[in-house]
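Shown next, in structure tokens, is the structure this report addresses.
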Amino acid sequence: RAGDLASTAPRKPVGGAAAGAPGELPRTSAADTLAGLQAAVLTNDTLWIGYVNAEGGASQRVIAPIRVEGGFVTAYDHTADEVRTYPLHRITGVAELAE
């Protein structure tokens, strides 16, 4: 199942923020979130993100960012197994996946 990667992938913090316990959404500042996403685009890294949808439902995703522009990140979402676009203001934080 694609969603298993989001819940079981080992992760490490980005920008000095705590990655959180398994099953807990990552929390990073807006600046650290943006910097982490931009760095992942340049290095083709995969990230674990916390995301809150328009209805207030929280989820965790494993994404490979493709581009960050205009307040959105476009990424291949491993959890949904498709390319999706996420508003940056709905991302609660990012964490790098551990090696």
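Residues are referred to by chain and number: the chain letter is A, B, ... according to the order shown in the structure tokens, the number counts from 1 in that chain, and ligands are numbered separately from 1 in the order shown.
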Name the residues in contact with region 77-90 of chain A at a cut-off of 6 Å, using only C-alpha atoms, excluding same-chain residues fewer than 2 positions from it; report them as a ChimeraX atom specification.
/A:2-3,51-52,61-63,71-75
Selection above as a file: N, CA, C and O atoms, as a compact mmCIF listing (two decimals), in the first residue's frame:
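That gives us out17.txt:
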```
# COMPACT_ATOMS: atom_id res chain seq x y z
N ALA A 2 0.53 2.18 -0.84
CA ALA A 2 1.34 3.39 -0.99
C ALA A 2 1.42 4.18 0.30
O ALA A 2 2.45 4.75 0.62
N GLY A 3 0.37 4.26 1.08
CA GLY A 3 0.36 5.04 2.31
C GLY A 3 1.25 4.49 3.40
O GLY A 3 1.58 5.20 4.35
N TYR A 51 0.37 17.73 6.26
CA TYR A 51 -0.51 18.53 5.41
C TYR A 51 -1.90 18.58 6.02
O TYR A 51 -2.40 17.58 6.53
N VAL A 52 -2.50 19.76 5.97
CA VAL A 52 -3.87 19.95 6.44
C VAL A 52 -4.72 20.39 5.26
O VAL A 52 -4.44 21.41 4.64
N ARG A 61 2.36 12.84 4.24
CA ARG A 61 2.64 12.46 2.86
C ARG A 61 4.13 12.29 2.67
O ARG A 61 4.93 12.96 3.33
N VAL A 62 4.50 11.42 1.75
CA VAL A 62 5.89 11.30 1.32
C VAL A 62 5.90 11.80 -0.12
O VAL A 62 5.21 11.26 -0.98
N ILE A 63 6.64 12.90 -0.34
CA ILE A 63 6.63 13.55 -1.65
C ILE A 63 8.04 13.75 -2.18
O ILE A 63 9.00 13.84 -1.42
N GLY A 71 3.48 30.12 -4.34
CA GLY A 71 2.79 29.68 -3.13
C GLY A 71 2.36 28.22 -3.15
O GLY A 71 1.59 27.79 -2.29
N PHE A 72 2.85 27.46 -4.11
CA PHE A 72 2.48 26.05 -4.24
C PHE A 72 3.72 25.19 -4.44
O PHE A 72 4.72 25.65 -4.97
N VAL A 73 3.63 23.94 -4.04
CA VAL A 73 4.66 22.95 -4.36
C VAL A 73 3.99 21.87 -5.21
O VAL A 73 2.93 21.36 -4.86
N THR A 74 4.61 21.58 -6.33
CA THR A 74 4.17 20.47 -7.18
C THR A 74 5.14 19.34 -6.94
O THR A 74 6.36 19.54 -6.98
N ALA A 75 4.60 18.16 -6.65
CA ALA A 75 5.45 17.04 -6.26
C ALA A 75 4.82 15.72 -6.64
O ALA A 75 3.59 15.61 -6.74
```
Selected residue of minimal separation from Asn44 (chain A) among A:Arg27, A:Pro65, A:Asp32, A:Gln60, counting only C-alpha atoms
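Of A:Arg27, A:Pro65, A:Asp32, A:Gln60, the one nearest Asn44 (chain A), counting only C-alpha atoms, is A:Pro65.
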